[in-house]
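Text of run-v3.cif, listed as mmCIF, N, CA and C atoms:
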data_data
loop_
_atom_site.label_atom_id
_atom_site.label_comp_id
_atom_site.auth_asym_id
_atom_site.auth_seq_id
_atom_site.Cartn_x
_atom_site.Cartn_y
_atom_site.Cartn_z
N MET A 1 109.09 150.80 80.05
CA MET A 1 109.16 149.86 81.14
C MET A 1 108.40 148.60 80.76
N PHE A 2 109.00 147.46 81.03
CA PHE A 2 108.40 146.17 80.69
C PHE A 2 107.72 145.57 81.91
N HIS A 3 106.58 145.01 81.66
CA HIS A 3 105.87 144.29 82.72
C HIS A 3 105.91 142.80 82.38
N ILE A 4 106.42 142.07 83.30
CA ILE A 4 106.50 140.63 83.09
C ILE A 4 105.37 139.97 83.86
N VAL A 5 104.58 139.25 83.12
CA VAL A 5 103.47 138.54 83.73
C VAL A 5 103.85 137.06 83.82
N ALA A 6 103.95 136.59 85.01
CA ALA A 6 104.31 135.19 85.22
C ALA A 6 103.08 134.40 85.63
N VAL A 7 102.88 133.35 84.94
CA VAL A 7 101.77 132.48 85.27
C VAL A 7 102.32 131.40 86.20
N LEU A 8 101.79 131.40 87.39
CA LEU A 8 102.25 130.41 88.37
C LEU A 8 101.30 129.22 88.37
N TYR A 9 101.87 128.08 88.21
CA TYR A 9 101.09 126.86 88.28
C TYR A 9 101.22 126.30 89.68
N THR A 10 100.12 126.17 90.33
CA THR A 10 100.17 125.63 91.67
C THR A 10 100.11 124.12 91.60
N THR A 11 101.09 123.49 92.18
CA THR A 11 101.11 122.04 92.26
C THR A 11 101.06 121.67 93.72
N HIS A 12 100.26 120.68 94.01
CA HIS A 12 100.13 120.24 95.38
C HIS A 12 101.27 119.29 95.74
N VAL A 13 101.74 119.46 96.95
CA VAL A 13 102.78 118.57 97.44
C VAL A 13 102.17 117.20 97.75
N PHE A 14 100.95 117.21 98.28
CA PHE A 14 100.28 115.98 98.65
C PHE A 14 99.24 115.60 97.60
N LYS A 15 99.06 114.31 97.42
CA LYS A 15 98.08 113.84 96.46
C LYS A 15 96.89 113.18 97.14
N ARG A 16 97.09 112.73 98.36
CA ARG A 16 96.02 112.08 99.12
C ARG A 16 95.63 112.97 100.28
N PHE A 17 94.37 113.30 100.34
CA PHE A 17 93.89 114.19 101.39
C PHE A 17 92.90 113.46 102.28
N VAL A 18 92.81 113.91 103.53
CA VAL A 18 91.82 113.35 104.45
C VAL A 18 90.47 113.87 104.00
N GLU A 19 89.57 112.97 103.65
CA GLU A 19 88.24 113.35 103.21
C GLU A 19 87.27 112.22 103.53
N ILE A 20 86.01 112.54 103.54
CA ILE A 20 84.98 111.55 103.82
C ILE A 20 85.00 110.52 102.69
N GLY A 21 85.13 109.25 103.07
CA GLY A 21 85.16 108.18 102.07
C GLY A 21 86.56 107.73 101.70
N ARG A 22 87.58 108.42 102.17
CA ARG A 22 88.96 108.03 101.85
C ARG A 22 89.27 106.70 102.53
N VAL A 23 89.82 105.78 101.79
CA VAL A 23 90.20 104.48 102.33
C VAL A 23 91.62 104.61 102.87
N ALA A 24 91.82 104.07 104.09
CA ALA A 24 93.12 104.16 104.74
C ALA A 24 93.57 102.77 105.19
N TYR A 25 94.89 102.59 105.24
CA TYR A 25 95.50 101.36 105.72
C TYR A 25 95.92 101.60 107.17
N VAL A 26 95.54 100.72 108.07
CA VAL A 26 95.90 100.88 109.48
C VAL A 26 97.31 100.32 109.66
N ALA A 27 98.26 101.19 109.98
CA ALA A 27 99.67 100.82 110.05
C ALA A 27 100.04 100.14 111.36
N PHE A 28 99.43 100.55 112.46
CA PHE A 28 99.73 99.90 113.74
C PHE A 28 98.54 100.03 114.67
N GLY A 29 98.59 99.28 115.74
CA GLY A 29 97.48 99.25 116.68
C GLY A 29 96.77 97.91 116.63
N PRO A 30 95.65 97.80 117.30
CA PRO A 30 94.95 96.50 117.35
C PRO A 30 94.40 96.03 116.00
N HIS A 31 94.18 96.94 115.07
CA HIS A 31 93.65 96.57 113.75
C HIS A 31 94.71 96.69 112.66
N GLU A 32 95.95 96.50 113.03
CA GLU A 32 97.07 96.65 112.11
C GLU A 32 96.89 95.77 110.87
N GLY A 33 97.12 96.36 109.70
CA GLY A 33 97.06 95.62 108.45
C GLY A 33 95.69 95.58 107.80
N LYS A 34 94.71 96.27 108.36
CA LYS A 34 93.37 96.26 107.80
C LYS A 34 93.05 97.58 107.11
N LEU A 35 92.07 97.54 106.23
CA LEU A 35 91.62 98.74 105.53
C LEU A 35 90.38 99.30 106.21
N VAL A 36 90.32 100.63 106.30
CA VAL A 36 89.16 101.31 106.86
C VAL A 36 88.78 102.47 105.96
N ALA A 37 87.54 102.93 106.09
CA ALA A 37 87.08 104.10 105.36
C ALA A 37 86.83 105.21 106.36
N ILE A 38 87.26 106.42 106.04
CA ILE A 38 87.00 107.56 106.91
C ILE A 38 85.55 108.00 106.69
N VAL A 39 84.78 107.98 107.79
CA VAL A 39 83.37 108.30 107.72
C VAL A 39 83.12 109.73 108.17
N ASP A 40 83.94 110.20 109.12
CA ASP A 40 83.78 111.55 109.65
C ASP A 40 85.11 112.00 110.24
N VAL A 41 85.39 113.27 110.19
CA VAL A 41 86.59 113.83 110.81
C VAL A 41 86.18 114.44 112.14
N ILE A 42 86.76 113.94 113.23
CA ILE A 42 86.42 114.42 114.56
C ILE A 42 87.15 115.72 114.86
N ASP A 43 88.46 115.70 114.74
CA ASP A 43 89.28 116.91 114.88
C ASP A 43 90.54 116.71 114.03
N GLN A 44 91.54 117.56 114.25
CA GLN A 44 92.72 117.48 113.39
C GLN A 44 93.60 116.26 113.67
N ASN A 45 93.30 115.54 114.75
CA ASN A 45 94.10 114.37 115.09
C ASN A 45 93.39 113.04 114.92
N ARG A 46 92.06 113.05 114.88
CA ARG A 46 91.30 111.81 114.88
C ARG A 46 90.18 111.82 113.84
N ALA A 47 89.82 110.61 113.43
CA ALA A 47 88.70 110.46 112.49
C ALA A 47 87.83 109.30 112.95
N LEU A 48 86.59 109.34 112.56
CA LEU A 48 85.67 108.23 112.79
C LEU A 48 85.81 107.33 111.57
N VAL A 49 86.20 106.08 111.82
CA VAL A 49 86.45 105.15 110.72
C VAL A 49 85.55 103.95 110.83
N ASP A 50 85.37 103.27 109.70
CA ASP A 50 84.55 102.08 109.64
C ASP A 50 85.18 101.14 108.61
N GLY A 51 85.34 99.89 108.99
CA GLY A 51 85.88 98.88 108.07
C GLY A 51 84.89 97.76 107.91
N PRO A 52 83.83 97.97 107.13
CA PRO A 52 82.75 96.99 107.04
C PRO A 52 83.18 95.64 106.48
N CYS A 53 84.14 95.62 105.60
CA CYS A 53 84.55 94.36 104.98
C CYS A 53 85.86 93.82 105.54
N SER A 54 86.49 94.60 106.43
CA SER A 54 87.76 94.15 107.01
C SER A 54 87.64 93.80 108.48
N GLY A 55 86.44 93.91 109.02
CA GLY A 55 86.23 93.50 110.41
C GLY A 55 86.56 94.57 111.44
N VAL A 56 86.68 95.81 111.02
CA VAL A 56 86.94 96.90 111.96
C VAL A 56 85.61 97.59 112.25
N LYS A 57 85.21 97.58 113.51
CA LYS A 57 83.96 98.24 113.87
C LYS A 57 84.16 99.74 113.86
N ARG A 58 83.06 100.47 113.75
CA ARG A 58 83.10 101.93 113.72
C ARG A 58 83.71 102.44 115.02
N GLN A 59 84.75 103.26 114.88
CA GLN A 59 85.45 103.78 116.05
C GLN A 59 86.28 104.99 115.70
N SER A 60 86.72 105.69 116.74
CA SER A 60 87.61 106.82 116.56
C SER A 60 89.03 106.28 116.40
N MET A 61 89.78 106.85 115.46
CA MET A 61 91.15 106.38 115.24
C MET A 61 92.04 107.58 114.93
N PRO A 62 93.22 107.65 115.55
CA PRO A 62 94.11 108.76 115.25
C PRO A 62 94.70 108.65 113.84
N PHE A 63 94.95 109.80 113.23
CA PHE A 63 95.51 109.81 111.87
C PHE A 63 96.91 109.22 111.85
N LYS A 64 97.60 109.27 112.99
CA LYS A 64 98.95 108.72 113.07
C LYS A 64 98.97 107.22 112.82
N CYS A 65 97.86 106.55 113.14
CA CYS A 65 97.75 105.10 112.93
C CYS A 65 97.45 104.75 111.48
N MET A 66 96.97 105.71 110.71
CA MET A 66 96.49 105.42 109.36
C MET A 66 97.45 105.94 108.29
N GLN A 67 97.46 105.22 107.18
CA GLN A 67 98.17 105.67 105.99
C GLN A 67 97.12 105.74 104.88
N LEU A 68 96.97 106.92 104.29
CA LEU A 68 95.93 107.12 103.27
C LEU A 68 96.28 106.40 101.98
N THR A 69 95.28 105.78 101.38
CA THR A 69 95.48 105.12 100.09
C THR A 69 94.94 106.01 98.98
N ASP A 70 95.03 105.55 97.74
CA ASP A 70 94.54 106.32 96.60
C ASP A 70 93.03 106.20 96.41
N TYR A 71 92.40 105.31 97.15
CA TYR A 71 91.00 105.01 96.92
C TYR A 71 90.06 105.86 97.76
N VAL A 72 88.99 106.31 97.13
CA VAL A 72 87.94 107.07 97.80
C VAL A 72 86.61 106.44 97.42
N ILE A 73 85.81 106.12 98.42
CA ILE A 73 84.47 105.61 98.14
C ILE A 73 83.47 106.74 98.33
N LYS A 74 82.41 106.68 97.60
CA LYS A 74 81.43 107.76 97.63
C LYS A 74 80.39 107.46 98.71
N VAL A 75 80.56 108.10 99.87
CA VAL A 75 79.61 107.96 100.97
C VAL A 75 79.32 109.35 101.54
N PRO A 76 78.10 109.56 102.04
CA PRO A 76 77.79 110.84 102.66
C PRO A 76 78.44 110.98 104.04
N HIS A 77 78.44 112.17 104.54
CA HIS A 77 78.99 112.49 105.85
C HIS A 77 78.30 111.66 106.94
N SER A 78 79.06 110.96 107.77
CA SER A 78 78.55 110.11 108.87
C SER A 78 77.56 109.06 108.40
N ALA A 79 77.85 108.42 107.28
CA ALA A 79 76.97 107.41 106.72
C ALA A 79 76.90 106.18 107.62
N ARG A 80 75.76 105.49 107.58
CA ARG A 80 75.60 104.27 108.36
C ARG A 80 76.46 103.17 107.77
N GLN A 81 76.68 102.14 108.58
CA GLN A 81 77.57 101.06 108.17
C GLN A 81 77.09 100.34 106.91
N LYS A 82 75.79 100.14 106.77
CA LYS A 82 75.31 99.42 105.57
C LYS A 82 75.57 100.21 104.30
N TYR A 83 75.53 101.56 104.37
CA TYR A 83 75.82 102.38 103.18
C TYR A 83 77.32 102.35 102.86
N VAL A 84 78.12 102.36 103.92
CA VAL A 84 79.57 102.29 103.72
C VAL A 84 79.93 100.94 103.09
N LYS A 85 79.32 99.87 103.61
CA LYS A 85 79.59 98.54 103.07
C LYS A 85 79.16 98.43 101.61
N ARG A 86 78.00 98.98 101.29
CA ARG A 86 77.49 98.94 99.91
C ARG A 86 78.44 99.70 98.97
N ALA A 87 78.88 100.89 99.39
CA ALA A 87 79.80 101.69 98.57
C ALA A 87 81.16 100.99 98.44
N TRP A 88 81.61 100.35 99.52
CA TRP A 88 82.88 99.62 99.54
C TRP A 88 82.85 98.50 98.51
N GLU A 89 81.77 97.73 98.53
CA GLU A 89 81.65 96.60 97.60
C GLU A 89 81.45 97.08 96.16
N LYS A 90 80.73 98.17 95.99
CA LYS A 90 80.52 98.72 94.64
C LYS A 90 81.84 99.20 94.04
N ALA A 91 82.68 99.81 94.87
CA ALA A 91 83.98 100.31 94.39
C ALA A 91 85.03 99.20 94.29
N GLU A 92 84.69 98.00 94.77
CA GLU A 92 85.62 96.85 94.74
C GLU A 92 86.97 97.20 95.35
N VAL A 93 86.94 97.79 96.52
CA VAL A 93 88.16 98.26 97.18
C VAL A 93 89.11 97.10 97.50
N ASP A 94 88.58 96.00 98.03
CA ASP A 94 89.44 94.87 98.39
C ASP A 94 90.17 94.31 97.17
N LYS A 95 89.47 94.21 96.06
CA LYS A 95 90.07 93.68 94.83
C LYS A 95 91.16 94.62 94.31
N LYS A 96 90.86 95.92 94.29
CA LYS A 96 91.84 96.91 93.81
C LYS A 96 93.05 96.94 94.73
N TRP A 97 92.81 96.85 96.04
CA TRP A 97 93.91 96.90 97.01
C TRP A 97 94.84 95.70 96.82
N ALA A 98 94.27 94.52 96.60
CA ALA A 98 95.08 93.31 96.44
C ALA A 98 95.99 93.39 95.22
N GLU A 99 95.63 94.19 94.23
CA GLU A 99 96.42 94.32 93.01
C GLU A 99 97.56 95.34 93.13
N THR A 100 97.55 96.17 94.19
CA THR A 100 98.56 97.21 94.32
C THR A 100 99.90 96.63 94.75
N SER A 101 100.97 97.31 94.39
CA SER A 101 102.30 96.86 94.79
C SER A 101 102.49 97.01 96.29
N TRP A 102 101.81 97.99 96.90
CA TRP A 102 101.86 98.20 98.34
C TRP A 102 101.37 96.95 99.07
N ALA A 103 100.22 96.43 98.67
CA ALA A 103 99.65 95.23 99.30
C ALA A 103 100.53 94.01 99.04
N LYS A 104 101.09 93.91 97.84
CA LYS A 104 101.95 92.77 97.51
C LYS A 104 103.23 92.78 98.35
N LYS A 105 103.78 93.99 98.59
CA LYS A 105 104.98 94.09 99.42
C LYS A 105 104.69 93.68 100.86
N ILE A 106 103.54 94.09 101.37
CA ILE A 106 103.15 93.74 102.73
C ILE A 106 102.98 92.22 102.85
N GLU A 107 102.35 91.63 101.85
CA GLU A 107 102.14 90.18 101.85
C GLU A 107 103.48 89.44 101.78
N ALA A 108 104.39 89.92 100.96
CA ALA A 108 105.71 89.28 100.84
C ALA A 108 106.48 89.40 102.15
N ARG A 109 106.37 90.54 102.81
CA ARG A 109 107.04 90.75 104.09
C ARG A 109 106.50 89.78 105.14
N GLN A 110 105.20 89.58 105.13
CA GLN A 110 104.58 88.65 106.08
C GLN A 110 105.01 87.21 105.79
N LYS A 111 105.09 86.85 104.51
CA LYS A 111 105.53 85.51 104.14
C LYS A 111 106.95 85.27 104.62
N ARG A 112 107.83 86.27 104.39
CA ARG A 112 109.22 86.14 104.82
C ARG A 112 109.34 85.99 106.33
N ALA A 113 108.50 86.72 107.06
CA ALA A 113 108.54 86.66 108.52
C ALA A 113 108.09 85.29 109.04
N LYS A 114 107.23 84.61 108.30
CA LYS A 114 106.71 83.31 108.73
C LYS A 114 107.57 82.14 108.29
N MET A 115 108.63 82.41 107.53
CA MET A 115 109.47 81.33 107.03
C MET A 115 110.22 80.63 108.16
N THR A 116 110.37 79.31 108.00
CA THR A 116 111.17 78.55 108.95
C THR A 116 112.62 78.54 108.46
N ASP A 117 113.49 77.98 109.28
CA ASP A 117 114.90 77.91 108.92
C ASP A 117 115.08 77.06 107.66
N PHE A 118 114.32 75.98 107.55
CA PHE A 118 114.43 75.12 106.38
C PHE A 118 113.93 75.84 105.12
N ASP A 119 112.87 76.65 105.26
CA ASP A 119 112.37 77.44 104.12
C ASP A 119 113.44 78.42 103.64
N ARG A 120 114.10 79.08 104.59
CA ARG A 120 115.18 80.02 104.21
C ARG A 120 116.31 79.28 103.51
N PHE A 121 116.62 78.06 103.97
CA PHE A 121 117.65 77.25 103.35
C PHE A 121 117.28 76.92 101.91
N LYS A 122 116.01 76.52 101.69
CA LYS A 122 115.56 76.18 100.33
C LYS A 122 115.63 77.40 99.42
N VAL A 123 115.26 78.58 99.94
CA VAL A 123 115.34 79.81 99.15
C VAL A 123 116.79 80.11 98.78
N MET A 124 117.70 79.92 99.74
CA MET A 124 119.11 80.16 99.48
C MET A 124 119.63 79.24 98.37
N LYS A 125 119.27 77.96 98.44
CA LYS A 125 119.70 77.00 97.42
C LYS A 125 119.13 77.35 96.04
N ALA A 126 117.87 77.75 96.01
CA ALA A 126 117.24 78.13 94.74
C ALA A 126 117.92 79.35 94.14
N LYS A 127 118.26 80.33 94.99
CA LYS A 127 118.95 81.53 94.50
C LYS A 127 120.34 81.18 93.95
N LYS A 128 121.04 80.29 94.63
CA LYS A 128 122.36 79.87 94.14
C LYS A 128 122.25 79.21 92.78
N MET A 129 121.24 78.34 92.63
CA MET A 129 121.04 77.64 91.37
C MET A 129 120.70 78.64 90.26
N ARG A 130 119.81 79.58 90.56
CA ARG A 130 119.43 80.60 89.58
C ARG A 130 120.65 81.42 89.16
N ASN A 131 121.44 81.86 90.13
CA ASN A 131 122.62 82.68 89.83
C ASN A 131 123.66 81.90 89.01
N LYS A 132 123.76 80.60 89.27
CA LYS A 132 124.70 79.77 88.51
C LYS A 132 124.27 79.69 87.05
N ILE A 133 122.97 79.50 86.82
CA ILE A 133 122.43 79.43 85.45
C ILE A 133 122.65 80.75 84.73
N ILE A 134 122.40 81.84 85.40
CA ILE A 134 122.60 83.17 84.81
C ILE A 134 124.06 83.38 84.45
N LYS A 135 124.94 82.99 85.36
CA LYS A 135 126.38 83.16 85.15
C LYS A 135 126.85 82.39 83.91
N VAL A 136 126.36 81.16 83.75
CA VAL A 136 126.73 80.33 82.59
C VAL A 136 126.25 80.99 81.30
N GLU A 137 125.02 81.48 81.29
CA GLU A 137 124.47 82.12 80.10
C GLU A 137 125.22 83.41 79.74
N VAL A 138 125.57 84.18 80.76
CA VAL A 138 126.33 85.43 80.53
C VAL A 138 127.68 85.10 79.92
N ARG A 139 128.34 84.07 80.43
CA ARG A 139 129.65 83.67 79.87
C ARG A 139 129.52 83.24 78.41
N LYS A 140 128.45 82.50 78.10
CA LYS A 140 128.22 82.09 76.70
C LYS A 140 128.07 83.31 75.81
N LEU A 141 127.30 84.29 76.27
CA LEU A 141 127.10 85.50 75.48
C LEU A 141 128.39 86.29 75.33
N GLN A 142 129.21 86.35 76.38
CA GLN A 142 130.48 87.05 76.30
C GLN A 142 131.43 86.38 75.32
N LYS A 143 131.45 85.05 75.33
CA LYS A 143 132.31 84.31 74.39
C LYS A 143 131.84 84.53 72.95
N ALA A 144 130.52 84.54 72.74
CA ALA A 144 129.99 84.76 71.41
C ALA A 144 130.31 86.17 70.92
N ALA A 145 130.26 87.14 71.83
CA ALA A 145 130.58 88.52 71.47
C ALA A 145 132.08 88.68 71.19
N ALA A 146 132.90 87.95 71.92
CA ALA A 146 134.35 88.02 71.71
C ALA A 146 134.75 87.42 70.37
N LYS A 147 134.05 86.36 69.93
CA LYS A 147 134.35 85.72 68.66
C LYS A 147 133.98 86.62 67.48
N LYS A 148 132.93 87.44 67.65
CA LYS A 148 132.50 88.31 66.57
C LYS A 148 133.46 89.46 66.37
N GLN A 149 134.19 89.82 67.38
CA GLN A 149 135.10 90.98 67.26
C GLN A 149 136.39 90.60 66.69
#
Structure translated into structure tokens:
Amino acid sequence: MFHIVAVLYTTHVFKRFVEIGRVAYVAFGPHEGKLVAIVDVIDQNRALVDGPCSGVKRQSMPFKCMQLTDYVIKVPHSARQKYVKRAWEKAEVDKKWAETSWAKKIEARQKRAKMTDFDRFKVMKAKKMRNKIIKVEVRKLQKAAAKKQ
């Protein structure tokens, strides 16, 4: 009789977990668009958050309002605001966040929303000009490839 020993590798479905020091993006509510750090977990629905550099005062916030980021700052359980701010600045969270594609997409979405009709017109004209240049270059390359054959 053969015994088959299977080694199971456990892989986590989630990569970001709710933990003390986890930086989160506030998706909606009065502080929409700001970053906060989780300072304490109140229950399974809410956390005590603090945004020392984003202007969010320490308060209870539901997890439904937050989207967890990849960043974790090293702070103790229920740390005071000055310690959270010090850890935030040491980890350079704002700088790292600004470099992410997530932040860049949000910024681009906001820029598009603020555009006037004339701005949209200028963008349309620029896209037409770009596409025309691309089309001409593609045709040149096609003609050159046709001559070689």
Result set, the PyMOL selection byres ((chain A and resi 62-76) around 6) on current file, as a CSV table (one decimal) with N, CA and C atoms, keeping the file's coordinate frame:
chain,number,residue,atom,x,y,z
A,20,ILE,N,86.0,112.5,103.5
A,20,ILE,CA,85.0,111.6,103.8
A,20,ILE,C,85.0,110.5,102.7
A,21,GLY,N,85.1,109.2,103.1
A,21,GLY,CA,85.2,108.2,102.1
A,21,GLY,C,86.6,107.7,101.7
A,22,ARG,N,87.6,108.4,102.2
A,22,ARG,CA,89.0,108.0,101.8
A,22,ARG,C,89.3,106.7,102.5
A,23,VAL,N,89.8,105.8,101.8
A,23,VAL,CA,90.2,104.5,102.3
A,23,VAL,C,91.6,104.6,102.9
A,24,ALA,N,91.8,104.1,104.1
A,24,ALA,CA,93.1,104.2,104.7
A,24,ALA,C,93.6,102.8,105.2
A,25,TYR,N,94.9,102.6,105.2
A,25,TYR,CA,95.5,101.4,105.7
A,25,TYR,C,95.9,101.6,107.2
A,26,VAL,N,95.5,100.7,108.1
A,26,VAL,CA,95.9,100.9,109.5
A,26,VAL,C,97.3,100.3,109.7
A,27,ALA,N,98.3,101.2,110.0
A,27,ALA,CA,99.7,100.8,110.0
A,27,ALA,C,100.0,100.1,111.4
A,28,PHE,N,99.4,100.6,112.5
A,28,PHE,CA,99.7,99.9,113.7
A,28,PHE,C,98.5,100.0,114.7
A,45,ASN,N,93.3,115.5,114.8
A,45,ASN,CA,94.1,114.4,115.1
A,45,ASN,C,93.4,113.0,114.9
A,46,ARG,N,92.1,113.0,114.9
A,46,ARG,CA,91.3,111.8,114.9
A,46,ARG,C,90.2,111.8,113.8
A,47,ALA,N,89.8,110.6,113.4
A,47,ALA,CA,88.7,110.5,112.5
A,47,ALA,C,87.8,109.3,113.0
A,60,SER,N,86.7,105.7,116.7
A,60,SER,CA,87.6,106.8,116.6
A,60,SER,C,89.0,106.3,116.4
A,61,MET,N,89.8,106.8,115.5
A,61,MET,CA,91.2,106.4,115.2
A,61,MET,C,92.0,107.6,114.9
A,77,HIS,N,78.4,112.2,104.5
A,77,HIS,CA,79.0,112.5,105.8
A,77,HIS,C,78.3,111.7,106.9
A,78,SER,N,79.1,111.0,107.8
A,78,SER,CA,78.6,110.1,108.9
A,78,SER,C,77.6,109.1,108.4
A,79,ALA,N,77.8,108.4,107.3
A,79,ALA,CA,77.0,107.4,106.7
A,79,ALA,C,76.9,106.2,107.6
A,87,ALA,N,78.9,100.9,99.4
A,87,ALA,CA,79.8,101.7,98.6
A,87,ALA,C,81.2,101.0,98.4
*asked:* as a PyMOL selection string, please: every residue in range 7-147 of chain A that a backbone DSSP assignment puts in helix (DSSP H, G or I).
replied: chain A and resi 63-65+81-91+93-99+101-113+117-147
All residues 7 Å or closer to Val49 in chain A, all atoms listed in the file, same chain fewer than 3 positions away omitted, as a PDB file with N, CA and C atoms, in the frame of the given file:
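In the end it all went to selection-v7.pdb:
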ATOM      1  N   VAL A  36      90.320 100.630 106.300  1.00  0.00           N
ATOM      2  CA  VAL A  36      89.160 101.310 106.860  1.00  0.00           C
ATOM      3  C   VAL A  36      88.780 102.470 105.960  1.00  0.00           C
ATOM      4  N   ALA A  37      87.540 102.930 106.090  1.00  0.00           N
ATOM      5  CA  ALA A  37      87.080 104.100 105.360  1.00  0.00           C
ATOM      6  C   ALA A  37      86.830 105.210 106.360  1.00  0.00           C
ATOM      7  N   ILE A  38      87.260 106.420 106.040  1.00  0.00           N
ATOM      8  CA  ILE A  38      87.000 107.560 106.910  1.00  0.00           C
ATOM      9  C   ILE A  38      85.550 108.000 106.690  1.00  0.00           C
ATOM     10  N   VAL A  39      84.780 107.980 107.790  1.00  0.00           N
ATOM     11  CA  VAL A  39      83.370 108.300 107.720  1.00  0.00           C
ATOM     12  C   VAL A  39      83.120 109.730 108.170  1.00  0.00           C
ATOM     13  N   ASP A  40      83.940 110.200 109.120  1.00  0.00           N
ATOM     14  CA  ASP A  40      83.780 111.550 109.650  1.00  0.00           C
ATOM     15  C   ASP A  40      85.110 112.000 110.240  1.00  0.00           C
ATOM     16  N   VAL A  56      86.680  95.810 111.020  1.00  0.00           N
ATOM     17  CA  VAL A  56      86.940  96.900 111.960  1.00  0.00           C
ATOM     18  C   VAL A  56      85.610  97.590 112.250  1.00  0.00           C
ATOM     19  N   LYS A  57      85.210  97.580 113.510  1.00  0.00           N
ATOM     20  CA  LYS A  57      83.960  98.240 113.870  1.00  0.00           C
ATOM     21  C   LYS A  57      84.160  99.740 113.860  1.00  0.00           C
ATOM     22  N   ARG A  58      83.060 100.470 113.750  1.00  0.00           N
ATOM     23  CA  ARG A  58      83.100 101.930 113.720  1.00  0.00           C
ATOM     24  C   ARG A  58      83.710 102.440 115.020  1.00  0.00           C
ATOM     25  N   GLN A  59      84.750 103.260 114.880  1.00  0.00           N
ATOM     26  CA  GLN A  59      85.450 103.780 116.050  1.00  0.00           C
ATOM     27  C   GLN A  59      86.280 104.990 115.700  1.00  0.00           C
ATOM     28  N   SER A  60      86.720 105.690 116.740  1.00  0.00           N
ATOM     29  CA  SER A  60      87.610 106.820 116.560  1.00  0.00           C
ATOM     30  C   SER A  60      89.030 106.280 116.400  1.00  0.00           C
ATOM     31  N   MET A  61      89.780 106.850 115.460  1.00  0.00           N
ATOM     32  CA  MET A  61      91.150 106.380 115.240  1.00  0.00           C
ATOM     33  C   MET A  61      92.040 107.580 114.930  1.00  0.00           C
TER      34      MET A  61
END
_DSSP strand (DSSP E or B) residues within range 17-141 of chain A, as JSON, numbers by chain_ = {"A": [22, 23, 24, 25, 26, 35, 36, 37, 38, 39, 40, 41, 46, 47, 48, 49, 50, 51, 56, 57, 58, 59, 60, 61, 62, 66, 67, 68, 69, 70, 71, 72]}
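Note that atom N of Lys122 in chain A and atom C of Arg139 in chain A are 27.7 Å apart.
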*Just how far from CA of His31 in chain A is CA of Thr116 in chain A, in Å to one decimal?*
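Computing it gives 25.6 Å between the two atoms.
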*Of the candidates A:Asn131, A:Phe121, A:Arg112, A:Cys53, which one gets nearest to Lys95 in chain A if we count only C-alpha atoms?*
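Checking each of A:Asn131, A:Phe121, A:Arg112, A:Cys53 against Lys95 in chain A, counting only C-alpha atoms, the winner is A:Cys53.
Closest to Gly55 in chain A among A:Leu35, A:Ile106, A:Asp43, A:Arg130 is A:Leu35, based on only N, CA and C atoms.
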*Can you work out the spacing between atom N of Lys135 in chain A and CA of Ala113 in chain A in Å, to one decimal?*
28.6 Å
